[in-house]
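Enquirer: File upload-v5.txt follows (compact mmCIF, C-alpha atoms and all ligand atoms):
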# COMPACT_ATOMS: atom_id res chain seq x y z
CA MET A 1 20.00 16.99 20.72
CA ALA A 2 20.92 18.28 17.27
CA ILE A 3 21.85 15.98 14.45
CA ASN A 4 25.60 16.24 14.08
CA ARG A 5 28.62 14.23 13.23
CA ARG A 6 29.72 14.14 16.86
CA ASN A 7 26.65 12.20 17.95
CA PHE A 8 27.27 9.77 15.18
CA ILE A 9 30.96 9.41 15.96
CA ASN A 10 30.34 8.92 19.67
CA LEU A 11 27.86 6.15 19.03
CA SER A 12 30.11 4.63 16.40
CA SER A 13 32.94 4.49 18.85
CA LEU A 14 30.68 2.42 21.07
CA GLY A 15 30.50 -0.07 18.24
CA ILE A 16 26.98 0.81 17.17
CA ALA A 17 27.76 1.63 13.57
CA GLY A 18 25.46 4.21 12.13
CA PHE A 19 23.17 4.16 15.13
CA SER A 20 21.96 7.46 16.44
CA LEU A 21 18.83 8.54 18.21
CA GLN A 22 18.45 11.25 15.60
CA GLY A 23 19.47 9.47 12.44
CA PHE A 24 22.89 10.10 10.94
CA ILE A 25 24.78 11.79 8.14
CA ASN A 26 25.84 9.22 5.57
CA THR A 27 29.07 9.34 3.65
CA ASN A 28 27.52 11.41 0.86
CA GLN A 29 26.43 13.97 3.44
CA VAL A 30 22.74 13.30 2.80
CA LYS A 31 20.76 13.62 5.97
CA VAL A 32 19.12 10.29 6.56
CA GLN A 33 16.12 10.45 8.83
CA LYS A 34 15.78 7.14 10.57
CA PRO A 35 14.09 5.36 12.02
CA ILE A 36 10.80 6.66 10.70
CA VAL A 37 7.34 5.24 10.08
CA ILE A 38 4.35 6.68 8.22
CA ALA A 39 0.86 5.22 8.01
CA THR A 40 -2.44 6.02 6.34
CA TRP A 41 -5.38 7.86 7.89
CA ASP A 42 -5.85 8.84 11.51
CA ALA A 43 -5.72 5.20 12.58
CA GLY A 44 -2.07 5.55 11.61
CA ILE A 45 -1.44 7.45 14.85
CA ASN A 46 -2.05 4.38 17.01
CA ALA A 47 -0.56 2.03 14.46
CA ASN A 48 2.63 4.09 14.41
CA LYS A 49 2.87 3.75 18.18
CA GLY A 50 2.96 -0.02 17.75
CA ALA A 51 5.62 0.28 15.07
CA TRP A 52 7.63 2.77 17.07
CA GLU A 53 7.99 0.34 19.98
CA VAL A 54 9.98 -1.81 17.60
CA LEU A 55 11.84 0.87 15.65
CA SER A 56 12.91 2.96 18.64
CA LYS A 57 14.63 -0.07 20.14
CA GLY A 58 16.63 -0.69 16.97
CA GLY A 59 14.20 -3.35 15.67
CA THR A 60 13.63 -4.06 12.00
CA ALA A 61 11.25 -2.24 9.71
CA LEU A 62 9.67 -5.59 8.88
CA ASP A 63 8.78 -6.30 12.51
CA ALA A 64 7.63 -2.72 12.92
CA VAL A 65 5.21 -2.71 9.98
CA GLU A 66 3.69 -5.98 11.11
CA LYS A 67 3.29 -4.92 14.76
CA GLY A 68 2.07 -1.49 13.75
CA VAL A 69 -0.86 -2.51 11.61
CA MET A 70 -1.81 -5.27 14.05
CA VAL A 71 -2.87 -2.45 16.36
CA THR A 72 -5.46 -1.34 13.80
CA GLU A 73 -6.55 -4.92 13.11
CA ASP A 74 -7.46 -5.10 16.80
CA GLU A 75 -9.53 -1.90 16.71
CA ILE A 76 -13.09 -1.62 15.48
CA SER A 77 -13.22 0.42 12.30
CA CYS A 78 -15.17 0.42 9.06
CA CYS A 79 -12.38 -1.03 7.01
CA VAL A 80 -9.76 -3.06 8.85
CA GLY A 81 -9.90 -6.35 10.73
CA LEU A 82 -12.73 -8.60 11.82
CA GLY A 83 -14.75 -5.72 13.27
CA ALA A 84 -15.06 -4.07 9.85
CA ASN A 85 -17.95 -3.80 7.41
CA PRO A 86 -18.88 -7.06 5.66
CA ASP A 87 -19.40 -7.85 2.00
CA ARG A 88 -22.91 -7.69 0.57
CA ASP A 89 -23.63 -11.21 1.86
CA GLY A 90 -22.75 -10.23 5.41
CA HIS A 91 -19.27 -11.80 5.66
CA VAL A 92 -16.12 -9.93 6.61
CA THR A 93 -13.36 -10.88 4.16
CA LEU A 94 -9.86 -9.57 4.67
CA ASP A 95 -6.90 -8.71 2.42
CA ALA A 96 -3.33 -8.02 3.58
CA SER A 97 0.22 -7.83 2.29
CA ILE A 98 3.73 -7.33 3.60
CA MET A 99 7.07 -6.72 1.86
CA ASP A 100 10.63 -6.45 3.16
CA HIS A 101 13.88 -4.88 1.97
CA GLU A 102 14.93 -7.88 -0.10
CA PHE A 103 11.85 -8.16 -2.33
CA ASN A 104 10.43 -10.89 -0.10
CA CYS A 105 6.69 -10.50 0.02
CA GLY A 106 3.57 -12.31 1.13
CA SER A 107 -0.12 -11.69 0.94
CA VAL A 108 -3.55 -13.09 1.69
CA ALA A 109 -6.87 -12.23 0.13
CA PHE A 110 -10.50 -13.12 0.75
CA LEU A 111 -9.48 -14.46 4.15
CA GLU A 112 -12.26 -15.03 6.69
CA LYS A 113 -12.42 -15.44 10.48
CA ILE A 114 -8.73 -14.85 11.14
CA LYS A 115 -7.84 -11.96 13.41
CA HIS A 116 -4.47 -10.87 12.05
CA PRO A 117 -4.29 -11.26 8.28
CA ILE A 118 -1.03 -9.28 8.23
CA SER A 119 0.67 -12.00 10.28
CA VAL A 120 -0.70 -14.68 7.97
CA ALA A 121 0.72 -12.70 5.03
CA ARG A 122 4.09 -12.68 6.75
CA LYS A 123 3.90 -16.45 7.25
CA VAL A 124 3.10 -16.87 3.55
CA MET A 125 6.24 -14.87 2.84
CA GLU A 126 8.46 -16.74 5.27
CA LYS A 127 7.11 -20.28 5.31
CA THR A 128 5.94 -21.00 1.78
CA PRO A 129 7.42 -20.83 -1.71
CA HIS A 130 4.44 -18.64 -2.70
CA VAL A 131 3.57 -14.97 -2.54
CA MET A 132 -0.21 -15.07 -2.26
CA LEU A 133 -2.85 -17.36 -0.75
CA VAL A 134 -6.58 -16.73 -0.97
CA GLY A 135 -9.87 -17.76 0.59
CA GLU A 136 -10.24 -21.19 2.08
CA GLY A 137 -6.65 -22.11 1.25
CA ALA A 138 -5.35 -19.05 3.06
CA GLN A 139 -7.52 -19.91 6.05
CA GLN A 140 -6.33 -23.52 6.12
CA PHE A 141 -2.76 -22.32 5.96
CA ALA A 142 -3.38 -19.88 8.82
CA LEU A 143 -4.82 -22.66 10.98
CA SER A 144 -1.84 -24.87 10.19
CA GLN A 145 0.39 -22.06 11.47
CA GLY A 146 -1.42 -21.87 14.80
CA PHE A 147 -3.88 -19.04 14.12
CA THR A 148 -7.30 -19.41 15.74
CA LEU A 149 -10.60 -19.54 13.88
CA GLU A 150 -12.80 -16.69 15.13
CA SER A 151 -16.60 -16.71 15.21
CA GLY A 152 -17.40 -14.74 12.07
CA ASN A 153 -19.99 -12.65 13.93
CA LEU A 154 -20.17 -9.03 12.89
CA SER A 155 -19.08 -6.39 15.38
CA GLU A 156 -21.93 -4.34 16.82
CA THR A 157 -20.94 -1.33 14.70
CA ALA A 158 -20.61 -3.34 11.50
CA ASP A 159 -23.92 -5.08 12.16
CA LYS A 160 -25.62 -1.72 12.45
CA ALA A 161 -23.95 -0.44 9.29
CA TYR A 162 -24.86 -3.60 7.39
CA LYS A 163 -28.51 -3.41 8.42
CA GLU A 164 -28.57 0.17 7.29
CA TRP A 165 -26.93 -0.74 3.99
CA LEU A 166 -29.43 -3.55 3.40
CA LYS A 167 -32.23 -0.99 3.23
CA LYS A 168 -30.84 0.28 -0.08
CA SER A 169 -28.48 -2.53 -1.04
CA THR A 170 -26.67 -0.37 -3.54
CA TYR A 171 -22.94 -0.42 -4.00
CA LYS A 172 -21.89 3.17 -3.95
CA PRO A 173 -18.53 3.90 -2.41
CA VAL A 174 -18.41 7.26 -0.70
CA ILE A 175 -15.31 9.39 -0.54
CA ASN A 176 -14.10 10.14 2.96
CA VAL A 177 -14.29 13.83 3.46
CA GLU A 178 -14.22 13.60 7.21
CA ARG A 179 -10.95 12.90 8.85
CA GLN A 180 -11.98 10.67 11.69
CA SER A 181 -13.03 7.10 12.18
CA PRO A 182 -15.46 6.76 15.08
CA THR A 183 -13.27 4.70 17.34
CA SER A 184 -10.06 6.61 16.96
CA GLN A 185 -8.91 8.48 20.00
CA LEU A 186 -7.90 11.75 18.50
CA GLU A 187 -7.14 15.07 19.97
CA ASP A 188 -10.12 17.40 19.68
CA LYS A 189 -8.57 19.40 16.88
CA TYR A 190 -8.84 16.42 14.53
CA LYS A 191 -12.40 15.50 15.44
CA ALA A 192 -15.13 15.75 12.84
CA PRO A 193 -18.52 14.16 12.28
CA THR A 194 -18.48 10.74 10.69
CA ARG A 195 -20.58 8.84 8.21
CA PHE A 196 -19.34 5.47 9.39
CA ALA A 197 -22.63 4.03 10.56
CA ASN A 198 -24.84 5.09 7.67
CA GLY A 199 -24.08 2.09 5.53
CA ASP A 200 -21.83 3.80 3.02
CA TRP A 201 -18.28 2.81 2.34
CA ASN A 202 -15.54 5.02 3.60
CA HIS A 203 -11.92 4.28 2.75
CA ASP A 204 -9.79 3.48 5.74
CA THR A 205 -7.27 0.79 4.86
CA ILE A 206 -4.24 0.89 7.09
CA GLY A 207 -1.03 0.99 5.07
CA MET A 208 2.36 1.55 6.64
CA VAL A 209 5.93 2.00 5.43
CA ALA A 210 8.99 2.24 7.65
CA LEU A 211 12.75 2.79 7.49
CA ASP A 212 14.71 1.22 10.33
CA ILE A 213 17.96 2.21 11.96
CA HIS A 214 19.78 -0.32 9.78
CA GLY A 215 18.69 1.58 6.67
CA ASN A 216 16.13 -0.98 5.51
CA LEU A 217 12.63 -0.30 4.29
CA SER A 218 9.51 -2.47 4.66
CA GLY A 219 5.79 -2.01 4.16
CA SER A 220 2.46 -3.51 5.13
CA CYS A 221 -1.17 -3.09 4.25
CA THR A 222 -4.33 -4.64 5.74
CA THR A 223 -8.00 -4.07 5.02
CA SER A 224 -11.48 -5.48 4.75
CA GLY A 225 -11.53 -3.74 1.37
CA ALA A 226 -14.61 -2.09 0.04
CA GLY A 227 -17.57 -2.46 2.39
CA PHE A 228 -20.59 -4.26 0.89
CA LYS A 229 -18.52 -5.45 -2.05
CA LEU A 230 -19.45 -8.45 -4.13
CA ARG A 231 -18.51 -11.69 -2.43
CA GLY A 232 -15.02 -12.65 -3.55
CA ARG A 233 -13.97 -9.12 -4.50
CA VAL A 234 -10.30 -8.45 -3.87
CA GLY A 235 -8.85 -4.95 -3.92
CA ASP A 236 -5.38 -3.54 -4.38
CA SER A 237 -4.13 -4.06 -0.83
CA PRO A 238 -2.94 -7.66 -1.20
CA ILE A 239 -1.63 -7.13 -4.73
CA ILE A 240 2.12 -6.55 -4.59
CA GLY A 241 2.94 -3.63 -6.86
CA ALA A 242 -0.56 -2.17 -6.61
CA GLY A 243 -1.43 -1.61 -2.95
CA LEU A 244 2.13 -2.02 -1.68
CA TYR A 245 5.64 -1.98 -3.08
CA VAL A 246 9.10 -1.78 -1.56
CA ASP A 247 12.41 -1.40 -3.36
CA ASN A 248 15.11 -0.95 -0.78
CA GLU A 249 17.33 1.02 -3.16
CA VAL A 250 14.60 3.57 -3.76
CA GLY A 251 11.62 3.68 -1.43
CA ALA A 252 8.42 2.14 -0.14
CA VAL A 253 4.83 3.01 -1.04
CA VAL A 254 1.32 2.03 0.03
CA ALA A 255 -2.04 2.99 -1.41
CA THR A 256 -5.53 3.48 -0.08
CA GLY A 257 -8.77 4.37 -1.79
CA GLN A 258 -10.56 2.73 -4.67
CA GLY A 259 -8.53 -0.43 -5.14
CA GLU A 260 -9.70 -1.18 -8.66
CA ASP A 261 -8.17 2.06 -9.90
CA VAL A 262 -4.94 1.53 -8.02
CA ILE A 263 -4.58 -1.93 -9.59
CA ARG A 264 -5.14 -0.52 -13.10
CA VAL A 265 -1.95 1.54 -12.91
CA ALA A 266 0.11 -0.81 -10.71
CA GLY A 267 -0.02 2.16 -8.35
CA ALA A 268 2.56 1.57 -5.62
CA SER A 269 5.12 0.23 -8.06
CA ALA A 270 4.55 3.20 -10.37
CA VAL A 271 5.20 5.63 -7.50
CA VAL A 272 8.46 3.81 -6.67
CA GLU A 273 9.56 4.08 -10.30
CA HIS A 274 8.97 7.84 -10.31
CA MET A 275 11.11 8.12 -7.17
CA ARG A 276 13.81 6.08 -8.92
CA GLN A 277 13.81 8.75 -11.66
CA GLY A 278 14.55 11.37 -9.02
CA LYS A 279 11.10 12.59 -8.08
CA THR A 280 10.40 13.46 -4.46
CA PRO A 281 7.97 11.14 -2.65
CA GLN A 282 5.16 13.71 -2.95
CA GLU A 283 5.80 14.39 -6.65
CA ALA A 284 5.93 10.68 -7.35
CA CYS A 285 2.58 10.15 -5.60
CA ARG A 286 1.09 13.11 -7.47
CA LEU A 287 2.11 11.82 -10.89
CA VAL A 288 0.35 8.51 -10.33
CA VAL A 289 -2.76 10.13 -8.87
CA GLU A 290 -2.89 12.40 -11.94
CA LYS A 291 -2.58 9.42 -14.23
CA ILE A 292 -5.56 7.80 -12.54
CA LYS A 293 -7.47 11.06 -12.91
CA ARG A 294 -6.70 11.12 -16.65
CA ILE A 295 -7.77 7.54 -17.11
CA LYS A 296 -10.99 7.92 -15.16
CA LYS A 297 -12.00 11.20 -16.85
CA GLU A 298 -15.21 12.55 -15.32
CA LYS A 299 -15.57 9.44 -13.15
CA ALA A 300 -12.56 10.70 -11.18
CA ASN A 301 -15.04 12.96 -9.37
CA ASP A 302 -16.49 9.99 -7.56
CA ILE A 303 -13.45 8.07 -6.47
CA GLN A 304 -10.68 8.61 -3.98
CA VAL A 305 -7.13 7.31 -4.42
CA CYS A 306 -4.21 8.17 -2.16
CA PHE A 307 -0.57 7.16 -1.81
CA ILE A 308 2.01 7.58 0.90
CA ALA A 309 5.70 7.18 0.06
CA LEU A 310 8.94 7.02 2.02
CA ASN A 311 12.31 7.12 0.33
CA LYS A 312 15.63 5.61 1.26
CA ASN A 313 16.71 8.78 3.07
CA GLY A 314 13.62 8.90 5.23
CA ALA A 315 12.00 11.71 3.21
CA TYR A 316 8.26 11.14 2.89
CA GLY A 317 5.31 12.50 0.98
CA SER A 318 1.77 11.83 -0.03
CA TYR A 319 -0.86 12.86 -2.53
CA ALA A 320 -4.58 12.19 -2.90
CA LEU A 321 -7.10 12.71 -5.63
CA HIS A 322 -9.57 14.45 -3.30
CA ASP A 323 -9.44 16.31 -0.03
CA GLY A 324 -9.97 14.31 3.13
CA PHE A 325 -6.95 12.02 3.23
CA ASN A 326 -4.45 12.25 6.03
CA PHE A 327 -1.50 10.22 7.24
CA ALA A 328 0.49 9.88 10.44
CA VAL A 329 4.25 10.29 10.83
CA GLN A 330 6.43 9.15 13.69
CA SER A 331 10.17 9.66 14.00
CA ASN A 332 12.53 11.04 16.59
CA ASP A 333 11.66 14.52 15.37
CA GLU A 334 7.97 14.25 14.55
CA ASN A 335 4.77 12.64 15.74
CA LYS A 336 1.87 14.09 13.84
CA LEU A 337 -1.08 13.71 11.53
CA ILE A 338 -0.70 15.48 8.18
CA ASN A 339 -3.47 16.44 5.78
CA ALA A 340 -2.29 15.22 2.39
CA PRO A 341 -2.21 17.59 -0.59
CA TYR A 342 -4.84 16.73 -3.18
CA ASN A 343 -5.80 17.34 -6.77
CA TYR A 344 -9.43 18.45 -6.66
N1 LIG A 401 -7.89 0.12 -1.21
C1 LIG A 401 -8.85 -0.66 -0.48
C2 LIG A 401 -9.56 -1.59 -1.43
O1 LIG A 401 -9.94 -1.17 -2.50
C3 LIG A 401 -9.86 0.12 0.23
C4 LIG A 401 -9.42 1.31 1.01
O2 LIG A 401 -8.30 1.74 0.96
O3 LIG A 401 -10.24 1.81 1.73
O4 LIG A 401 -9.79 -2.71 -1.08
What do you get writing this file as structure tokens?
Expert:
Amino acid sequence: MAINRRNFINLSSLGIAGFSLQGFINTNQVKVQKPIVIATWDAGINANKGAWEVLSKGGTALDAVEKGVMVTEDEISCCVGLGANPDRDGHVTLDASIMDHEFNCGSVAFLEKIKHPISVARKVMEKTPHVMLVGEGAQQFALSQGFTLESGNLSETADKAYKEWLKKSTYKPVINVERQSPTSQLEDKYKAPTRFANGDWNHDTIGMVALDIHGNLSGSCTTSGAGFKLRGRVGDSPIIGAGLYVDNEVGAVVATGQGEDVIRVAGASAVVEHMRQGKTPQEACRLVVEKIKRIKKEKANDIQVCFIALNKNGAYGSYALHDGFNFAVQSNDENKLINAPYNY
């Protein structure tokens, strides 16, 4: 079915204003692609499926970005959820954030033994006057909201990686140059060897942004952060404006990669501001990546930073400092994994 005014008019006459299986043409004749969801890394493929269940039925972007990343929180990967790599003391500590189309936002950081930090972040947003809760306080709050305290045992994979890491005990993040996490169920064409179990840190935060059929944007981000980090370290993912930012008039952005360097430039917010000035999502991501490269000078060789961005019309883009970053897209027209353009 092609996108045309007739589809839109037919559905409108049924009283479903603006609703179309293929998006619609708005009054300024800009093609708006909606609903649509994009998410970081190959884990984004499964996460998008979770989000799509919501979006394809006319659900909200906010529900979609929560449900979507919960899929990844339930998987075993190096960098998301309770199955992920621990800090240097052997504890998994989780960061997450969520933001809707009305600047409502919530986040948790340094949260332990709770399975779905993204849902706790949403509760912070909806049930408290605050934006961010951390550590023990975040955990207490989660329990008060009916979340269950999990064991705190490492997953088998993380235990193996931790034991390997202990042999050297050096903190040396490694840039992902392979495009696969070991548990992801990818088509063969995406498969590549992995360094997951060798004790090094790969980046694999799941970040997701979506535009729903109602024209609203939301975003989410959830991670165990940098594997083998100092106890108490918090990255960019739960910092609104750094790891995640949504301005419903402009667009929504999430970051992955070395959180410290994303925080330094208020990364996600900076990308949104470039889009506000008329840049495309990809150009906006590129400008902020290049700024980080300038700031880091020769140290930029050793870090990865990546952004994905979705604008109000459903146009999306991405940019990374180094090769190796990919992101997944799901809409009525597309369902694919895209290798992001990169600087180096
Ligand atoms: N940005 C995350 C952090 O620094 C890590 C990642 O994306 O892999 O905590």
Enquirer: For ligand LIG 401 (chain A), return the neighbouring residues as an MDAnalysis selection string (distance at most 6 Å; only C-alpha atoms and all ligand atoms).
Expert: chainID A and resid 203:205 225:226 235:237 256:259
Enquirer: Take the residues from that selection and put them in a file with C-alpha atoms, as a PDB file, keeping the file's coordinate frame.
Expert:
ATOM      1  CA  HIS A 203     -11.920   4.280   2.750  1.00  0.00           C
ATOM      2  CA  ASP A 204      -9.790   3.480   5.740  1.00  0.00           C
ATOM      3  CA  THR A 205      -7.270   0.790   4.860  1.00  0.00           C
ATOM      4  CA  GLY A 225     -11.530  -3.740   1.370  1.00  0.00           C
ATOM      5  CA  ALA A 226     -14.610  -2.090   0.040  1.00  0.00           C
ATOM      6  CA  GLY A 235      -8.850  -4.950  -3.920  1.00  0.00           C
ATOM      7  CA  ASP A 236      -5.380  -3.540  -4.380  1.00  0.00           C
ATOM      8  CA  SER A 237      -4.130  -4.060  -0.830  1.00  0.00           C
ATOM      9  CA  THR A 256      -5.530   3.480  -0.080  1.00  0.00           C
ATOM     10  CA  GLY A 257      -8.770   4.370  -1.790  1.00  0.00           C
ATOM     11  CA  GLN A 258     -10.560   2.730  -4.670  1.00  0.00           C
ATOM     12  CA  GLY A 259      -8.530  -0.430  -5.140  1.00  0.00           C
TER      13      GLY A 259
END
Enquirer: Applying 9 Å and all atoms listed in the file, which residues near Asp323 in chain A remain after dropping the ones on its own chain fewer than 2 positions away? List them as a ChimeraX atom specification.
Expert: /A:176-177,304,320-321,325-326,339-344
Enquirer: Pick out the residues sitting within 9 Å of Ile38 in chain A, and hand them over as a ChimeraX atom specification; count all atoms listed in the file, and ignore anything fewer than 3 positions along from it in its own chain.
Expert: /A:44-45,48,207-210,308-310,316,327-331
Enquirer: Export, as a PDB file, keeping the file's coordinate frame, the selected residues with C-alpha atoms.
Expert:
ATOM      1  CA  GLY A  44      -2.070   5.550  11.610  1.00  0.00           C
ATOM      2  CA  ILE A  45      -1.440   7.450  14.850  1.00  0.00           C
ATOM      3  CA  ASN A  48       2.630   4.090  14.410  1.00  0.00           C
ATOM      4  CA  GLY A 207      -1.030   0.990   5.070  1.00  0.00           C
ATOM      5  CA  MET A 208       2.360   1.550   6.640  1.00  0.00           C
ATOM      6  CA  VAL A 209       5.930   2.000   5.430  1.00  0.00           C
ATOM      7  CA  ALA A 210       8.990   2.240   7.650  1.00  0.00           C
ATOM      8  CA  ILE A 308       2.010   7.580   0.900  1.00  0.00           C
ATOM      9  CA  ALA A 309       5.700   7.180   0.060  1.00  0.00           C
ATOM     10  CA  LEU A 310       8.940   7.020   2.020  1.00  0.00           C
ATOM     11  CA  TYR A 316       8.260  11.140   2.890  1.00  0.00           C
ATOM     12  CA  PHE A 327      -1.500  10.220   7.240  1.00  0.00           C
ATOM     13  CA  ALA A 328       0.490   9.880  10.440  1.00  0.00           C
ATOM     14  CA  VAL A 329       4.250  10.290  10.830  1.00  0.00           C
ATOM     15  CA  GLN A 330       6.430   9.150  13.690  1.00  0.00           C
ATOM     16  CA  SER A 331      10.170   9.660  14.000  1.00  0.00           C
TER      17      SER A 331
END
Enquirer: Pick out the closest residue to Asn153 in chain A from this set: A:Ala138, A:Thr93, A:Ser169, A:His130. Count all atoms listed in the file.
Expert: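 Result for the nearest residue to Asn153 in chain A: A:Thr93.
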Enquirer: Tell me which of A:Lys279, A:Lys312, A:Lys67, A:Lys299 sits closest to Glu249 in chain A, counting all atoms listed in the file.
Expert: A:Lys312
Enquirer: Hey, which of A:Asp247, A:Glu164, A:Glu53, A:Glu156 ends up closest to Glu102 in chain A? Count only C-alpha atoms.
Expert: A:Asp247
